[in-house]
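*Asks:* Data file model.txt (compact mmCIF, C-alpha atoms and all ligand atoms) is appended below.
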```
# COMPACT_ATOMS: atom_id res chain seq x y z
CA MET A 1 0.00 0.00 0.00
CA ALA A 2 1.42 3.37 -1.02
CA VAL A 3 0.83 6.69 0.67
CA ARG A 4 0.43 10.08 -0.96
CA PHE A 5 1.32 13.27 0.88
CA ASP A 6 0.19 16.67 -0.34
CA ILE A 7 2.05 19.37 1.55
CA ILE A 8 0.80 22.94 1.34
CA THR A 9 3.57 25.37 2.23
CA ILE A 10 4.97 28.82 1.53
CA PHE A 11 8.47 27.26 1.32
CA PRO A 12 8.21 24.27 -1.07
CA GLY A 13 11.98 24.45 -1.69
CA MET A 14 12.67 23.28 1.86
CA PHE A 15 11.40 19.80 1.03
CA SER A 16 13.27 18.76 -2.10
CA SER A 17 16.66 17.90 -0.63
CA ALA A 18 15.50 16.56 2.74
CA MET A 19 12.85 14.31 1.19
CA GLY A 20 15.14 13.09 -1.59
CA GLU A 21 17.60 11.23 0.64
CA SER A 22 17.72 8.18 2.87
CA ILE A 23 14.68 6.00 3.63
CA VAL A 24 12.14 8.57 2.43
CA GLY A 25 14.07 9.21 -0.81
CA ARG A 26 14.21 5.49 -1.48
CA ALA A 27 10.50 5.02 -0.73
CA VAL A 28 9.65 7.78 -3.20
CA LYS A 29 11.88 6.27 -5.89
CA SER A 30 10.33 2.86 -5.41
CA GLY A 31 6.75 4.22 -5.52
CA LEU A 32 5.94 3.40 -1.89
CA ALA A 33 5.39 7.08 -1.14
CA GLU A 34 4.51 10.11 -3.21
CA ILE A 35 5.24 13.62 -1.95
CA ASN A 36 3.58 16.54 -3.69
CA CYS A 37 4.52 20.01 -2.45
CA VAL A 38 2.10 22.80 -3.25
CA ASP A 39 3.08 26.48 -3.08
CA LEU A 40 0.35 28.33 -1.22
CA ARG A 41 1.25 31.55 -3.04
CA ASP A 42 0.09 29.98 -6.30
CA PHE A 43 -3.43 30.38 -4.89
CA THR A 44 -3.28 34.13 -4.28
CA GLU A 45 -4.91 36.60 -6.59
CA ASP A 46 -3.41 39.97 -5.66
CA ARG A 47 -0.19 41.34 -7.17
CA TYR A 48 1.69 40.94 -3.86
CA ARG A 49 0.71 37.28 -3.60
CA SER A 50 -0.24 37.86 0.04
CA ILE A 51 -1.23 34.90 2.13
CA ASP A 52 -1.49 36.65 5.51
CA ASP A 53 -3.16 39.64 7.10
CA ARG A 54 -3.39 41.43 10.46
CA PRO A 55 -5.45 39.76 13.19
CA TYR A 56 -8.89 41.06 14.03
CA GLY A 57 -8.87 42.42 17.57
CA GLY A 58 -5.27 43.58 17.26
CA GLY A 59 -2.05 42.11 18.56
CA PRO A 60 1.33 41.30 17.07
CA GLY A 61 2.09 39.29 13.96
CA MET A 62 0.06 38.10 11.04
CA VAL A 63 -2.52 35.38 10.42
CA PHE A 64 -3.01 33.11 7.39
CA LYS A 65 -5.95 34.33 5.30
CA PRO A 66 -8.70 31.80 4.58
CA GLU A 67 -9.09 32.23 0.79
CA PRO A 68 -5.73 30.93 -0.52
CA VAL A 69 -5.77 28.02 1.93
CA PHE A 70 -9.31 26.93 1.03
CA ASP A 71 -8.42 27.17 -2.67
CA ALA A 72 -5.17 25.22 -2.25
CA VAL A 73 -6.81 22.46 -0.21
CA GLU A 74 -9.74 22.14 -2.60
CA SER A 75 -7.38 22.05 -5.58
CA VAL A 76 -5.31 19.29 -3.99
CA LEU A 77 -8.40 17.26 -3.12
CA SER A 78 -9.78 17.57 -6.64
CA GLU A 79 -6.51 16.53 -8.30
CA VAL A 80 -6.01 13.36 -6.35
CA GLU A 81 -7.93 10.34 -7.41
CA PRO A 82 -10.28 9.71 -4.47
CA LEU A 83 -10.14 6.51 -2.49
CA ALA A 84 -13.14 4.19 -2.48
CA ASP A 85 -14.01 5.25 1.06
CA GLY A 86 -13.17 8.92 0.42
CA ARG A 87 -10.72 8.86 3.27
CA VAL A 88 -8.23 11.74 3.54
CA ARG A 89 -6.34 12.74 6.66
CA LYS A 90 -5.97 16.52 6.92
CA ILE A 91 -3.35 17.82 9.29
CA ILE A 92 -2.24 21.32 10.23
CA LEU A 93 1.19 21.58 11.80
CA THR A 94 1.02 24.04 14.68
CA PRO A 95 2.37 24.25 18.24
CA GLN A 96 -1.28 24.26 19.46
CA GLY A 97 -1.88 20.75 18.17
CA ARG A 98 -2.04 17.27 19.66
CA ARG A 99 1.48 16.22 20.56
CA LEU A 100 2.97 13.72 18.14
CA ASP A 101 4.11 10.36 19.52
CA GLN A 102 4.80 6.88 18.15
CA PRO A 103 1.17 5.66 18.52
CA LEU A 104 0.02 8.61 16.38
CA MET A 105 2.77 7.83 13.85
CA ARG A 106 1.51 4.24 13.64
CA GLU A 107 -2.05 5.42 13.21
CA LEU A 108 -1.03 7.76 10.38
CA ALA A 109 0.99 5.01 8.71
CA GLN A 110 -2.35 3.27 8.01
CA GLU A 111 -3.53 6.15 5.81
CA GLU A 112 -3.21 6.38 2.05
CA ARG A 113 -3.82 10.12 1.65
CA ILE A 114 -2.45 12.77 3.94
CA VAL A 115 -2.79 16.49 3.30
CA MET A 116 -0.58 18.70 5.43
CA LEU A 117 -0.68 22.41 5.92
CA CYS A 118 2.43 24.11 7.32
CA GLY A 119 1.73 26.92 9.78
CA HIS A 120 3.62 30.19 10.25
CA TYR A 121 3.39 33.51 12.06
CA GLU A 122 0.63 33.74 14.65
CA GLY A 123 -1.31 30.91 13.03
CA PHE A 124 -4.37 30.40 10.87
CA ASP A 125 -7.73 32.06 10.62
CA GLU A 126 -9.73 29.62 12.76
CA ARG A 127 -12.27 29.11 9.94
CA ILE A 128 -9.59 27.19 8.03
CA ILE A 129 -9.45 24.59 10.79
CA GLU A 130 -13.22 24.42 11.25
CA GLY A 131 -14.34 24.75 7.64
CA LEU A 132 -11.85 22.31 6.16
CA ASP A 133 -11.97 19.84 9.03
CA PHE A 134 -8.25 19.81 9.82
CA GLU A 135 -6.72 18.20 12.88
CA GLU A 136 -3.88 20.08 14.56
CA VAL A 137 -0.60 18.33 15.34
CA SER A 138 2.49 19.61 17.17
CA ILE A 139 5.81 17.78 17.28
CA GLY A 140 6.69 18.82 20.83
CA ASP A 141 6.69 21.47 23.48
CA TYR A 142 8.99 24.04 21.92
CA VAL A 143 8.51 26.66 19.24
CA LEU A 144 9.79 26.47 15.67
CA SER A 145 9.53 29.18 13.06
CA GLY A 146 7.22 27.17 10.83
CA GLY A 147 5.46 23.88 10.16
CA GLU A 148 7.78 22.70 7.36
CA LEU A 149 10.28 20.83 9.53
CA PRO A 150 7.41 19.28 11.55
CA ALA A 151 5.77 18.14 8.27
CA MET A 152 9.04 16.47 7.26
CA VAL A 153 9.23 14.84 10.69
CA LEU A 154 5.77 13.36 10.08
CA VAL A 155 6.63 12.16 6.57
CA ASP A 156 9.83 10.51 7.79
CA GLY A 157 8.21 8.87 10.81
CA ILE A 158 5.29 7.57 8.73
CA VAL A 159 7.22 6.36 5.68
CA ARG A 160 9.69 4.30 7.68
CA LEU A 161 6.75 2.35 9.16
CA LEU A 162 5.42 1.32 5.74
CA PRO A 163 6.01 -2.34 4.97
CA GLY A 164 9.03 -2.53 2.68
CA ALA A 165 10.50 0.88 3.55
CA LEU A 166 13.20 -0.40 5.87
CA GLY A 167 15.91 -2.85 4.88
CA HIS A 168 15.16 -5.19 7.76
CA PRO A 169 11.47 -5.94 8.39
CA GLU A 170 11.94 -6.30 12.15
CA SER A 171 13.80 -3.01 12.55
CA SER A 172 10.86 -0.75 13.23
CA SER A 173 9.17 -2.95 15.82
CA ARG A 174 12.27 -3.45 17.96
CA GLU A 175 13.34 0.13 18.46
CA SER A 176 12.81 2.86 21.03
CA PHE A 177 9.19 3.77 21.90
CA GLU A 178 7.65 0.89 19.96
CA ASN A 179 7.49 -1.13 23.16
CA GLY A 180 7.08 1.88 25.40
CA VAL A 181 10.72 1.77 26.47
CA LEU A 182 14.02 3.16 25.17
CA ASP A 183 16.54 1.12 23.17
CA TYR A 184 19.25 -0.93 24.84
CA PRO A 185 22.90 0.00 24.14
CA GLN A 186 24.44 -1.42 20.97
CA TYR A 187 28.05 -2.34 20.18
CA THR A 188 30.00 -3.48 17.17
CA ARG A 189 33.62 -4.50 16.54
CA PRO A 190 36.28 -4.16 17.88
CA PRO A 191 35.63 -5.80 21.27
CA GLU A 192 37.90 -3.26 22.96
CA TYR A 193 38.54 0.30 21.79
CA ARG A 194 40.66 2.88 23.67
CA GLY A 195 40.28 0.82 26.80
CA LEU A 196 36.48 0.71 26.48
CA LYS A 197 35.09 -2.83 26.44
CA VAL A 198 32.01 -4.41 24.95
CA PRO A 199 30.00 -6.08 27.78
CA ASP A 200 31.03 -9.75 28.06
CA VAL A 201 27.47 -11.05 27.76
CA LEU A 202 27.23 -9.78 24.16
CA LEU A 203 30.29 -11.84 23.20
CA SER A 204 29.04 -14.93 25.03
CA GLY A 205 26.84 -16.29 22.26
CA ASN A 206 24.17 -17.08 24.87
CA HIS A 207 21.04 -15.69 23.24
CA ALA A 208 18.75 -16.08 26.22
CA GLU A 209 21.18 -14.16 28.42
CA ILE A 210 21.65 -11.51 25.76
CA GLU A 211 17.87 -11.01 25.51
CA GLN A 212 17.58 -10.72 29.26
CA TRP A 213 20.48 -8.25 29.47
CA ARG A 214 18.96 -6.10 26.74
CA ARG A 215 15.53 -6.03 28.37
CA GLN A 216 17.06 -5.05 31.66
CA GLN A 217 19.20 -2.30 30.06
CA SER A 218 16.14 -0.93 28.27
CA LEU A 219 14.15 -0.76 31.47
CA GLU A 220 17.01 0.77 33.47
CA ARG A 221 17.62 3.47 30.89
CA THR A 222 13.96 4.23 30.60
CA ARG A 223 13.63 4.52 34.39
CA GLU A 224 16.64 6.84 34.59
CA ARG A 225 15.88 9.05 31.61
CA ARG A 226 12.15 8.81 30.94
CA GLY A 227 10.20 7.74 34.01
CA ASP A 228 7.07 9.20 32.36
CA LEU A 229 7.16 6.43 29.71
CA LEU A 230 7.10 3.71 32.35
CA GLU A 231 4.16 5.31 34.16
CA ASN A 232 2.18 5.37 30.92
CA LYS A 233 3.19 1.79 30.17
CA GLU A 234 2.01 0.56 33.57
CA LEU A 235 -1.29 2.37 33.20
CA GLN A 236 -1.79 0.78 29.79
CA GLU A 237 -0.83 -2.67 30.94
CA THR A 238 -3.12 -2.57 33.96
CA GLY A 239 -5.97 -1.62 31.62
CA GLN A 240 -6.55 1.82 33.05
CA GLU A 241 -7.23 4.82 30.88
CA HIS A 242 -4.07 5.88 29.05
CA ASP A 243 -2.96 9.37 30.03
CA LYS A 244 -3.13 11.29 26.77
CA THR A 245 -1.82 14.65 28.00
CL1 LIG B 301 3.94 21.76 14.27
N1 LIG B 301 5.00 24.17 14.38
C1 LIG B 301 5.76 25.11 14.95
N2 LIG B 301 5.86 26.32 14.38
N3 LIG B 301 6.44 24.93 16.07
C2 LIG B 301 6.34 23.72 16.62
C3 LIG B 301 5.56 22.69 16.08
C4 LIG B 301 4.88 22.96 14.93
N4 LIG B 301 5.65 21.62 16.88
C5 LIG B 301 6.47 21.98 17.86
N5 LIG B 301 6.88 23.23 17.71
```
Once more with this new file: its structure as structure tokens, please.
*Replies:*
Amino acid sequence: MAVRFDIITIFPGMFSSAMGESIVGRAVKSGLAEINCVDLRDFTEDRYRSIDDRPYGGGPGMVFKPEPVFDAVESVLSEVEPLADGRVRKIILTPQGRRLDQPLMRELAQEERIVMLCGHYEGFDERIIEGLDFEEVSIGDYVLSGGELPAMVLVDGIVRLLPGALGHPESSSRESFENGVLDYPQYTRPPEYRGLKVPDVLLSGNHAEIEQWRRQQSLERTRERRGDLLENKELQETGQEHDKT
């Protein structure tokens, strides 16, 4: 199953190099993913190609105007061959959104059509969100200058979950966050480097012991660095409501 992303942005040039390399670049070349960047300014009608305006009620900064965004979204939706069930996921990248995590990445990796709108300035005219039925997503509790890097974060995180995108099929289910814990430490040759040794157990060839050591390292690291993940995991495993905040 292939996924198509339509990304509406005022900086389409930001995407070409980042999305042309590595796993995402390979997925695009092999037809597993399609990434279509749309320049919002192509949907303006005035000679200044303006996409923003001052906020009603006053205050600093500018706000995305509704008209170019509605036109861009409707154009994208009309160009793409609709799915049988008409399903399209529409996402606005803004710091006000639902915080992205691996469960949301997995959910989005089930979709075949994802339209993304990259935010800037003080945000969007609220009618864009209501009238076009967008969901808002943030990639974390810090502020970036625009939604382009967050959109690329989403594309990367989604594409690498698609069957066939990674070299090794097991890779994506064994890594950090997939099991609610952080990765265990990894080593490769040589067995000793600048006086630093690879733990004996990894050289032992005893697979049961290696598994046990890795599980224990994962848990220890998670407890030390990210106690919040373990609390969520316990809540989930005891069947209580998962804390979504
Ligand atoms: Cl989606 N946009 C911006 N501008 N800043 C962010 C973000 C998004 N997520 C975290 N910070």
*Asks:* Using only C-alpha atoms, which of the listed residues (A:Ile210, A:Leu104, A:Leu149, A:Ala84) sits closest to His120 in chain A?
*Replies:* A:Leu149
*Asks:* Pull the closest atom pair for each residue of chain A that gets at most 9 Å from ligand LIG 301 (chain B), along with the distance in Å to one decimal, counting all atoms listed in the file, ordering rows by chain and then ascending residue number, as a Markdown table.
*Replies:*
```
| residue | atom | partner | partner_atom | distance |
| --- | --- | --- | --- | --- |
| A:Ile92 | CA | B:LIG301 | CL1 | 7.4 |
| A:Leu93 | CA | B:LIG301 | CL1 | 3.7 |
| A:Thr94 | CA | B:LIG301 | CL1 | 3.7 |
| A:Pro95 | CA | B:LIG301 | C3 | 4.2 |
| A:Gln96 | CA | B:LIG301 | C4 | 7.8 |
| A:Gly97 | CA | B:LIG301 | CL1 | 7.1 |
| A:Arg99 | CA | B:LIG301 | N4 | 7.8 |
| A:Leu100 | CA | B:LIG301 | N4 | 8.4 |
| A:Cys118 | CA | B:LIG301 | CL1 | 7.5 |
| A:Gly119 | CA | B:LIG301 | N2 | 6.2 |
| A:His120 | CA | B:LIG301 | N2 | 6.1 |
| A:Tyr121 | CA | B:LIG301 | N2 | 7.9 |
| A:Gly123 | CA | B:LIG301 | N2 | 8.6 |
| A:Glu136 | CA | B:LIG301 | CL1 | 8.0 |
| A:Val137 | CA | B:LIG301 | CL1 | 5.8 |
| A:Ser138 | CA | B:LIG301 | N4 | 3.8 |
| A:Ile139 | CA | B:LIG301 | N4 | 3.9 |
| A:Gly140 | CA | B:LIG301 | C5 | 4.3 |
| A:Asp141 | CA | B:LIG301 | C5 | 5.6 |
| A:Tyr142 | CA | B:LIG301 | N5 | 4.8 |
| A:Val143 | CA | B:LIG301 | N5 | 4.1 |
| A:Leu144 | CA | B:LIG301 | N3 | 3.7 |
| A:Ser145 | CA | B:LIG301 | N2 | 4.8 |
| A:Gly146 | CA | B:LIG301 | N2 | 3.9 |
| A:Gly147 | CA | B:LIG301 | N1 | 4.3 |
| A:Glu148 | CA | B:LIG301 | N1 | 7.7 |
| A:Leu149 | CA | B:LIG301 | N1 | 7.9 |
| A:Pro150 | CA | B:LIG301 | CL1 | 5.1 |
| A:Ala151 | CA | B:LIG301 | CL1 | 7.2 |
```
*Asks:* Applying 10 Å and only C-alpha atoms, which residues near Met1 in chain A remain after dropping the ones on its own chain fewer than 6 positions away? List them as a PyMOL selection string.
*Replies:* chain A and resi 31-33+110-112+162-164
*Asks:* Could you write those residues out with C-alpha atoms, as an mmCIF file, in the frame of the given file?
*Replies:*
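In the end it all went to again-v4.cif:
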```
data_model
loop_
_atom_site.group_PDB
_atom_site.id
_atom_site.type_symbol
_atom_site.label_atom_id
_atom_site.label_comp_id
_atom_site.auth_asym_id
_atom_site.auth_seq_id
_atom_site.Cartn_x
_atom_site.Cartn_y
_atom_site.Cartn_z
ATOM 1 C CA GLY A 31 6.750 4.220 -5.520
ATOM 2 C CA LEU A 32 5.940 3.400 -1.890
ATOM 3 C CA ALA A 33 5.390 7.080 -1.140
ATOM 4 C CA GLN A 110 -2.350 3.270 8.010
ATOM 5 C CA GLU A 111 -3.530 6.150 5.810
ATOM 6 C CA GLU A 112 -3.210 6.380 2.050
ATOM 7 C CA LEU A 162 5.420 1.320 5.740
ATOM 8 C CA PRO A 163 6.010 -2.340 4.970
ATOM 9 C CA GLY A 164 9.030 -2.530 2.680
#
```
*Asks:* Between CA of Gly59 in chain A and CA of Glu122 in chain A, measure the distance and give it in Å to one decimal.
*Replies:*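 Between CA of Gly59 in chain A and CA of Glu122 in chain A the gap is 9.6 Å.
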*Asks:* Neighbours of range 178-183 of chain A within 6 Å (only C-alpha atoms; same-chain residues fewer than 4 positions away dropped), as a VMD selection string?
*Replies:* chain A and resid 173 218 222
*Asks:* Of the candidates A:Met62, A:Met105, A:Met152, A:Val88, which shows the shortest atom-to-atom distance to Val76 in chain A, using only C-alpha atoms?
*Replies:*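 Of A:Met62, A:Met105, A:Met152, A:Val88, the one nearest Val76 in chain A, counting only C-alpha atoms, is A:Val88.
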*Asks:* Looking at all atoms listed in the file, which of A:Ile10, A:Met19, A:Gly57, A:Val63 is the one that sits closest to Asp39 in chain A?
*Replies:* A:Ile10
*Asks:* Please indicate the distance in Å from CA of Ser176 in chain A to CA of Val24 in chain A, rounded to one decimal place.
*Replies:* 19.5 Å
*Asks:* Quick one, how far is CA of Asn206 in chain A from CA of Thr188 in chain A?
*Replies:* 16.7 Å
*Asks:* Nearest to Glu81 in chain A: which of A:Ile158, A:Glu107, A:Arg4, A:Ser16 is it, counting all atoms listed in the file?
*Replies:*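 The closest residue to Glu81 in chain A is A:Arg4.
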*Asks:* Within 10 Å of range 25-29 of chain A, counting only C-alpha atoms, which residues qualify if same-chain residues fewer than 5 places away don't, as a list in words?
*Replies:*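 In the requested format, the answer is Ala2, Val3, Arg4, Ser16, Ser17, Ala18, Met19, Gly20, Glu34, Ile35, Asp156, Val159, Arg160, Leu162, Gly164, Ala165 and Leu166 of chain A.
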